[in-house]
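Quick look at protein36.cif (mmCIF, C-alpha atoms and all ligand atoms):
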```cif
data_protein
loop_
_atom_site.group_PDB
_atom_site.id
_atom_site.type_symbol
_atom_site.label_atom_id
_atom_site.label_comp_id
_atom_site.auth_asym_id
_atom_site.auth_seq_id
_atom_site.Cartn_x
_atom_site.Cartn_y
_atom_site.Cartn_z
ATOM 1 C CA MET Y 1 0.000 0.000 0.000
ATOM 2 C CA ASP Y 2 1.285 3.435 -0.965
ATOM 3 C CA PRO Y 3 2.623 5.387 2.061
ATOM 4 C CA GLU Y 4 0.553 8.426 1.153
ATOM 5 C CA VAL Y 5 -2.585 6.308 0.956
ATOM 6 C CA LEU Y 6 -1.746 4.822 4.334
ATOM 7 C CA GLN Y 7 -1.278 8.279 5.830
ATOM 8 C CA ALA Y 8 -4.584 9.462 4.409
ATOM 9 C CA LEU Y 9 -6.244 6.324 5.706
ATOM 10 C CA LYS Y 10 -4.892 6.884 9.197
ATOM 11 C CA LYS Y 11 -6.168 10.451 9.139
ATOM 12 C CA ILE Y 12 -9.623 9.296 8.111
ATOM 13 C CA GLN Y 13 -9.607 6.683 10.832
ATOM 14 C CA ARG Y 14 -8.525 9.243 13.432
ATOM 15 C CA ASP Y 15 -11.373 11.490 12.440
ATOM 16 C CA ALA Y 16 -13.904 8.705 12.521
ATOM 17 C CA VAL Y 17 -16.116 8.663 15.550
ATOM 18 C CA LYS Y 18 -17.434 5.182 14.959
ATOM 19 C CA ARG Y 19 -15.743 2.452 16.904
ATOM 20 C CA GLU Y 20 -17.863 -0.588 16.212
ATOM 21 C CA PRO Y 21 -16.184 -3.784 15.080
ATOM 22 C CA ARG Y 22 -15.951 -3.876 11.340
ATOM 23 C CA VAL Y 23 -14.013 -5.396 8.521
ATOM 24 C CA GLU Y 24 -13.661 -4.553 4.872
ATOM 25 C CA PRO Y 25 -15.009 -7.602 3.052
ATOM 26 C CA GLU Y 26 -13.711 -6.468 -0.337
ATOM 27 C CA LEU Y 27 -10.125 -6.581 0.866
ATOM 28 C CA SER Y 28 -8.298 -9.869 0.672
ATOM 29 C CA GLY Y 29 -5.081 -11.364 1.968
ATOM 30 C CA MET Y 30 -2.229 -8.922 2.395
ATOM 31 C CA ASP Y 31 -4.493 -5.942 1.685
ATOM 32 C CA PHE Y 32 -6.684 -6.875 4.623
ATOM 33 C CA ILE Y 33 -3.651 -7.192 6.893
ATOM 34 C CA GLU Y 34 -2.279 -3.798 5.808
ATOM 35 C CA PHE Y 35 -5.646 -2.123 6.182
ATOM 36 C CA GLU Y 36 -6.327 -3.581 9.603
ATOM 37 C CA PHE Y 37 -2.822 -2.716 10.801
ATOM 38 C CA ALA Y 38 -3.260 0.926 9.716
ATOM 39 C CA ARG Y 39 -6.669 1.041 11.365
ATOM 40 C CA LEU Y 40 -5.295 -0.259 14.661
ATOM 41 C CA GLN Y 41 -2.395 2.192 14.511
ATOM 42 C CA ALA Y 42 -4.855 5.092 14.316
ATOM 43 C CA LEU Y 43 -6.415 4.230 17.686
ATOM 44 C CA PRO Y 44 -5.566 6.166 20.874
ATOM 45 C CA PHE Y 45 -3.671 3.292 22.521
ATOM 46 C CA ALA Y 46 -1.123 3.366 19.662
ATOM 47 C CA THR Y 47 0.013 6.937 20.269
ATOM 48 C CA THR Y 48 2.521 5.893 22.935
ATOM 49 C CA ASP Y 49 6.136 4.922 22.269
ATOM 50 C CA ALA Y 50 6.544 3.263 25.663
ATOM 51 C CA GLY Y 51 7.472 -0.135 24.225
ATOM 52 C CA SER Y 52 10.094 1.208 21.878
ATOM 53 C CA GLU Y 53 13.791 0.839 22.569
ATOM 54 C CA ALA Y 54 14.757 2.684 19.419
ATOM 55 C CA ASP Y 55 16.568 6.008 19.587
ATOM 56 C CA PRO Y 56 14.580 8.154 19.082
ATOM 57 C CA PRO Y 57 11.646 6.053 20.319
ATOM 58 C CA ILE Y 58 9.054 5.012 17.763
ATOM 59 C CA ALA Y 59 5.386 5.206 18.710
ATOM 60 C CA ALA Y 60 3.166 2.203 18.063
ATOM 61 C CA GLU Y 61 1.317 4.254 15.471
ATOM 62 C CA ASP Y 62 4.543 4.607 13.471
ATOM 63 C CA VAL Y 63 6.026 1.112 13.618
ATOM 64 C CA GLN Y 64 6.487 -0.636 10.299
ATOM 65 C CA LEU Y 65 4.864 -3.918 9.324
ATOM 66 C CA ALA Y 66 6.642 -6.768 7.572
ATOM 67 C CA MET Y 67 4.289 -9.595 6.646
ATOM 68 C CA ARG Y 68 4.366 -12.893 4.892
ATOM 69 C CA LEU Y 69 1.645 -15.333 3.863
ATOM 70 C CA ARG Y 70 2.834 -18.937 3.958
ATOM 71 C CA GLU Y 71 2.015 -21.108 0.966
ATOM 72 C CA ARG Y 72 0.950 -23.995 3.165
ATOM 73 C CA PRO Y 73 0.012 -24.312 6.811
ATOM 74 C CA ALA Y 74 2.654 -24.592 9.485
ATOM 75 C CA HIS Y 75 2.366 -27.290 12.112
ATOM 76 C CA TRP Y 76 1.389 -25.256 15.101
ATOM 77 C CA HIS Y 77 0.272 -21.603 15.150
ATOM 78 C CA SER Y 78 -1.646 -20.372 12.124
ATOM 79 C CA VAL Y 79 -0.359 -16.847 12.733
ATOM 80 C CA THR Y 80 2.837 -15.770 14.425
ATOM 81 C CA GLY Y 81 4.070 -12.293 15.119
ATOM 82 C CA ALA Y 82 6.925 -10.442 16.743
ATOM 83 C CA HIS Y 83 7.648 -6.905 17.844
ATOM 84 C CA LEU Y 84 11.243 -5.817 17.299
ATOM 85 C CA PRO Y 85 11.514 -2.789 19.603
ATOM 86 C CA GLU Y 86 14.967 -1.648 18.476
ATOM 87 C CA GLN Y 87 13.888 -1.603 14.856
ATOM 88 C CA GLY Y 88 10.409 -0.158 15.281
ATOM 89 C CA CYS Y 89 9.080 -3.087 13.340
ATOM 90 C CA ILE Y 90 6.402 -5.743 13.661
ATOM 91 C CA THR Y 91 6.567 -8.969 11.710
ATOM 92 C CA ILE Y 92 3.661 -11.280 11.014
ATOM 93 C CA THR Y 93 3.568 -14.645 9.274
ATOM 94 C CA ALA Y 94 0.242 -16.287 8.501
ATOM 95 C CA ASP Y 95 -1.092 -19.496 7.017
ATOM 96 C CA PRO Y 96 -3.503 -19.082 4.121
ATOM 97 C CA GLU Y 97 -6.144 -20.707 6.361
ATOM 98 C CA ALA Y 98 -5.680 -18.176 9.175
ATOM 99 C CA THR Y 99 -8.877 -16.276 9.840
ATOM 100 C CA ARG Y 100 -9.124 -12.513 9.914
ATOM 101 C CA ALA Y 101 -9.860 -12.760 13.623
ATOM 102 C CA GLU Y 102 -6.623 -14.690 14.210
ATOM 103 C CA ILE Y 103 -4.672 -12.115 12.202
ATOM 104 C CA ALA Y 104 -6.299 -9.233 14.083
ATOM 105 C CA SER Y 105 -5.495 -10.825 17.438
ATOM 106 C CA VAL Y 106 -1.786 -11.071 16.576
ATOM 107 C CA LEU Y 107 -1.629 -7.551 15.120
ATOM 108 C CA ILE Y 108 -3.172 -6.059 18.232
ATOM 109 C CA HIS Y 109 -0.906 -8.149 20.482
ATOM 110 C CA GLU Y 110 2.243 -6.894 18.746
ATOM 111 C CA LEU Y 111 1.050 -3.285 18.668
ATOM 112 C CA ALA Y 112 0.293 -3.524 22.389
ATOM 113 C CA HIS Y 113 3.967 -4.489 22.857
ATOM 114 C CA ALA Y 114 5.025 -1.360 20.959
ATOM 115 C CA ALA Y 115 2.790 0.706 23.250
ATOM 116 C CA THR Y 116 3.825 -0.790 26.593
ATOM 117 C CA PRO Y 117 6.965 -0.294 28.680
ATOM 118 C CA THR Y 118 8.816 -3.511 29.362
ATOM 119 C CA PRO Y 119 9.869 -3.646 33.016
ATOM 120 C CA ARG Y 120 13.042 -5.466 33.957
ATOM 121 C CA SER Y 121 13.383 -7.706 36.969
ATOM 122 C CA PRO Y 122 16.304 -7.056 39.390
ATOM 123 C CA SER Y 123 18.231 -9.690 37.435
ATOM 124 C CA GLY Y 124 17.715 -7.690 34.245
ATOM 125 C CA ARG Y 125 15.214 -10.057 32.689
ATOM 126 C CA ARG Y 126 12.533 -8.311 30.625
ATOM 127 C CA THR Y 127 8.944 -8.940 31.681
ATOM 128 C CA VAL Y 128 7.430 -8.898 28.227
ATOM 129 C CA HIS Y 129 3.939 -10.195 29.007
ATOM 130 C CA GLY Y 130 3.498 -8.638 32.450
ATOM 131 C CA ARG Y 131 0.486 -6.914 33.887
ATOM 132 C CA ALA Y 132 1.163 -3.599 32.122
ATOM 133 C CA PHE Y 133 1.193 -5.389 28.788
ATOM 134 C CA ARG Y 134 -1.966 -7.360 29.510
ATOM 135 C CA THR Y 135 -3.754 -4.190 30.628
ATOM 136 C CA MET Y 136 -2.767 -2.511 27.354
ATOM 137 C CA LEU Y 137 -3.927 -5.522 25.349
ATOM 138 C CA VAL Y 138 -7.359 -5.508 27.001
ATOM 139 C CA ARG Y 139 -7.607 -1.750 26.429
ATOM 140 C CA ALA Y 140 -6.616 -2.114 22.780
ATOM 141 C CA ALA Y 141 -9.221 -4.838 22.216
ATOM 142 C CA LYS Y 142 -11.850 -2.468 23.585
ATOM 143 C CA GLU Y 143 -10.722 0.452 21.436
ATOM 144 C CA ALA Y 144 -10.343 -1.615 18.289
ATOM 145 C CA TYR Y 145 -13.315 -3.940 18.431
ATOM 146 C CA GLY Y 146 -15.457 -2.757 21.310
ATOM 147 C CA LEU Y 147 -14.717 -6.007 23.125
ATOM 148 C CA ASP Y 148 -15.612 -6.100 26.788
ATOM 149 C CA LEU Y 149 -13.348 -8.872 27.961
ATOM 150 C CA ASP Y 150 -13.701 -10.396 31.407
ATOM 151 C CA PRO Y 151 -12.480 -7.827 33.975
ATOM 152 C CA GLU Y 152 -10.207 -10.570 35.301
ATOM 153 C CA ALA Y 153 -8.516 -10.853 31.904
ATOM 154 C CA ILE Y 154 -5.564 -8.672 32.927
ATOM 155 C CA THR Y 155 -4.643 -11.399 35.429
ATOM 156 C CA TRP Y 156 -4.681 -14.136 32.768
ATOM 157 C CA SER Y 157 -1.719 -15.294 30.747
ATOM 158 C CA SER Y 158 -1.412 -13.236 27.591
ATOM 159 C CA TRP Y 159 -2.067 -16.189 25.259
ATOM 160 C CA ARG Y 160 -5.389 -16.704 27.011
ATOM 161 C CA ILE Y 161 -6.305 -13.079 26.289
ATOM 162 C CA ASP Y 162 -5.223 -13.603 22.659
ATOM 163 C CA ASP Y 163 -7.530 -16.611 22.447
ATOM 164 C CA ALA Y 164 -10.415 -14.689 24.011
ATOM 165 C CA ILE Y 165 -10.031 -11.936 21.393
ATOM 166 C CA VAL Y 166 -10.153 -14.496 18.585
ATOM 167 C CA ARG Y 167 -13.185 -16.191 20.119
ATOM 168 C CA GLU Y 168 -15.080 -12.928 20.597
ATOM 169 C CA LEU Y 169 -14.335 -11.791 17.038
ATOM 170 C CA HIS Y 170 -15.419 -15.152 15.628
ATOM 171 C CA ALA Y 171 -18.597 -14.850 17.686
ATOM 172 C CA LEU Y 172 -19.335 -11.523 15.992
ATOM 173 C CA GLY Y 173 -19.807 -13.485 12.808
ATOM 174 C CA GLY Y 174 -19.630 -11.555 9.560
ATOM 175 C CA GLU Y 175 -16.287 -11.699 7.849
ATOM 176 C CA TRP Y 176 -14.154 -12.548 10.830
ATOM 177 C CA ARG Y 177 -13.966 -16.234 10.025
ATOM 178 C CA LEU Y 178 -12.857 -15.590 6.460
ATOM 179 C CA ALA Y 179 -9.480 -17.132 5.701
ATOM 180 C CA VAL Y 180 -6.944 -14.470 4.882
ATOM 181 C CA GLY Y 181 -5.646 -16.469 1.925
ATOM 182 C CA SER Y 182 -9.059 -16.967 0.325
HETATM 183 ZN ZN ZN Y 201 3.944 -11.043 23.029
#
```
Represent the structure from my file as structure tokens, please.
Amino acid sequence: MDPEVLQALKKIQRDAVKREPRVEPELSGMDFIEFEFARLQALPFATTDAGSEADPPIAAEDVQLAMRLRERPAHWHSVTGAHLPEQGCITITADPEATRAEIASVLIHELAHAATPTPRSPSGRRTVHGRAFRTMLVRAAKEAYGLDLDPEAITWSSWRIDDAIVRELHALGGEWRLAVGS
């Protein structure tokens, strides 16, 4: 997607008052991923650069996306993602059978990393999926999709929150169960 188009899109999204869950059924595959990523980046939670270790820090709304659709399914996760804080970059790799909901869940998870400070334990170990992260993830799910997750969700493991987001999006019906490679 052209950078100028993306910028214009983000502006439109910022100006939009509507926050209900929605997808763009006419978009397929990579276009859907790019569109959804830009839409998520335009939300209030993404304005922070707290999760960035780049110099200067890069806000979640400005991180870059590198994505890849696999030709055939992998053995385990249908979608995997990573946030590379030093590079201001998020990577995502998806099976063709991955649903839009599964893609969205990973995108929002990685953007929540970019928006959340990563505390270090006294030994220097980074607490990547700590309470601050899980709180941001629950907040992002609310801003992005209007999801009211269980109030206890911030005490869950992060993968359980990821799963809940997928389940709730699938339950919305519509296009969320569409395979990204279809
Ligand atoms: Zn994570």
- Counting all atoms listed in the file, which protein, DNA or RNA residues come within 9 Å of ligand ZN 201 (chain Y), given as a ChimeraX atom specification? /Y:81-83,106,109-110,112-113,128-129,133,158-159
- Task: Do a neighbour search on Arg131 (chain Y) at 9 Å with only C-alpha atoms, toss out local chain neighbours closer than 4 positions, and write the hits as a VMD selection string.
- Result: chain Y and resid 127 135 to 136 154 to 156
- What separation in Å, quoted to one decimal, exists between CA of Gly88 (chain Y) and CA of Met30 (chain Y)?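 Spanning CA of Gly88 (chain Y) to CA of Met30 (chain Y) is a straight-line distance of 20.1 Å.
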- Task: Determine, counting only C-alpha atoms, every residue of protein, DNA or RNA that lies within 10 Å of (-10.0, -6.2, 19.8) in the file coordinates, then give the result as a ChimeraX atom specification.
- Result: /Y:21,40,101,104-105,107-109,137-149,162,164-166,168-169
- Message: Applying the PyMOL selection byres (((chain Y and resi 99) around 12) and not hetatm) to the file I just gave you, which residues come out? Please list them as a ChimeraX atom specification.
- Response: /Y:28-29,32-33,77-79,94-98,100-106,166-167,169-170,173-182
Missing atoms in region 115-130 of chain Y should be modelled up to N, CA and C atoms and reported as a tab-separated table (two decimals), keeping the file's coordinate frame.
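As written to disk, part.tsv reads:
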```tsv
chain	number	residue	atom	x	y	z
Y	115	ALA	N	3.39	-0.37	22.46
Y	115	ALA	CA	2.79	0.71	23.25
Y	115	ALA	C	3.04	0.57	24.75
Y	116	THR	N	3.71	-0.50	25.16
Y	116	THR	CA	3.82	-0.79	26.59
Y	116	THR	C	5.28	-0.84	27.05
Y	117	PRO	N	5.61	-0.16	28.15
Y	117	PRO	CA	6.96	-0.29	28.68
Y	117	PRO	C	7.23	-1.72	29.13
Y	118	THR	N	8.45	-2.16	28.97
Y	118	THR	CA	8.82	-3.51	29.36
Y	118	THR	C	9.68	-3.45	30.61
Y	119	PRO	N	9.08	-3.72	31.78
Y	119	PRO	CA	9.87	-3.65	33.02
Y	119	PRO	C	10.94	-4.74	33.04
Y	120	ARG	N	12.00	-4.46	33.77
Y	120	ARG	CA	13.04	-5.47	33.96
Y	120	ARG	C	13.05	-5.91	35.41
Y	121	SER	N	13.25	-7.18	35.61
Y	121	SER	CA	13.38	-7.71	36.97
Y	121	SER	C	14.75	-7.28	37.50
Y	122	PRO	N	14.98	-7.41	38.83
Y	122	PRO	CA	16.30	-7.06	39.39
Y	122	PRO	C	17.44	-7.77	38.67
Y	123	SER	N	17.18	-8.95	38.14
Y	123	SER	CA	18.23	-9.69	37.44
Y	123	SER	C	18.42	-9.19	36.00
Y	124	GLY	N	17.56	-8.24	35.59
Y	124	GLY	CA	17.72	-7.69	34.24
Y	124	GLY	C	16.84	-8.35	33.21
Y	125	ARG	N	16.08	-9.35	33.62
Y	125	ARG	CA	15.21	-10.06	32.69
Y	125	ARG	C	14.03	-9.18	32.32
Y	126	ARG	N	13.66	-9.14	31.06
Y	126	ARG	CA	12.53	-8.31	30.62
Y	126	ARG	C	11.22	-9.06	30.85
Y	127	THR	N	10.26	-8.35	31.45
Y	127	THR	CA	8.94	-8.94	31.68
Y	127	THR	C	8.03	-8.53	30.54
Y	128	VAL	N	8.07	-9.30	29.48
Y	128	VAL	CA	7.43	-8.90	28.23
Y	128	VAL	C	5.90	-8.97	28.31
Y	129	HIS	N	5.39	-10.00	28.97
Y	129	HIS	CA	3.94	-10.20	29.01
Y	129	HIS	C	3.38	-9.95	30.41
Y	130	GLY	N	3.94	-8.95	31.09
Y	130	GLY	CA	3.50	-8.64	32.45
Y	130	GLY	C	2.15	-7.93	32.48
```
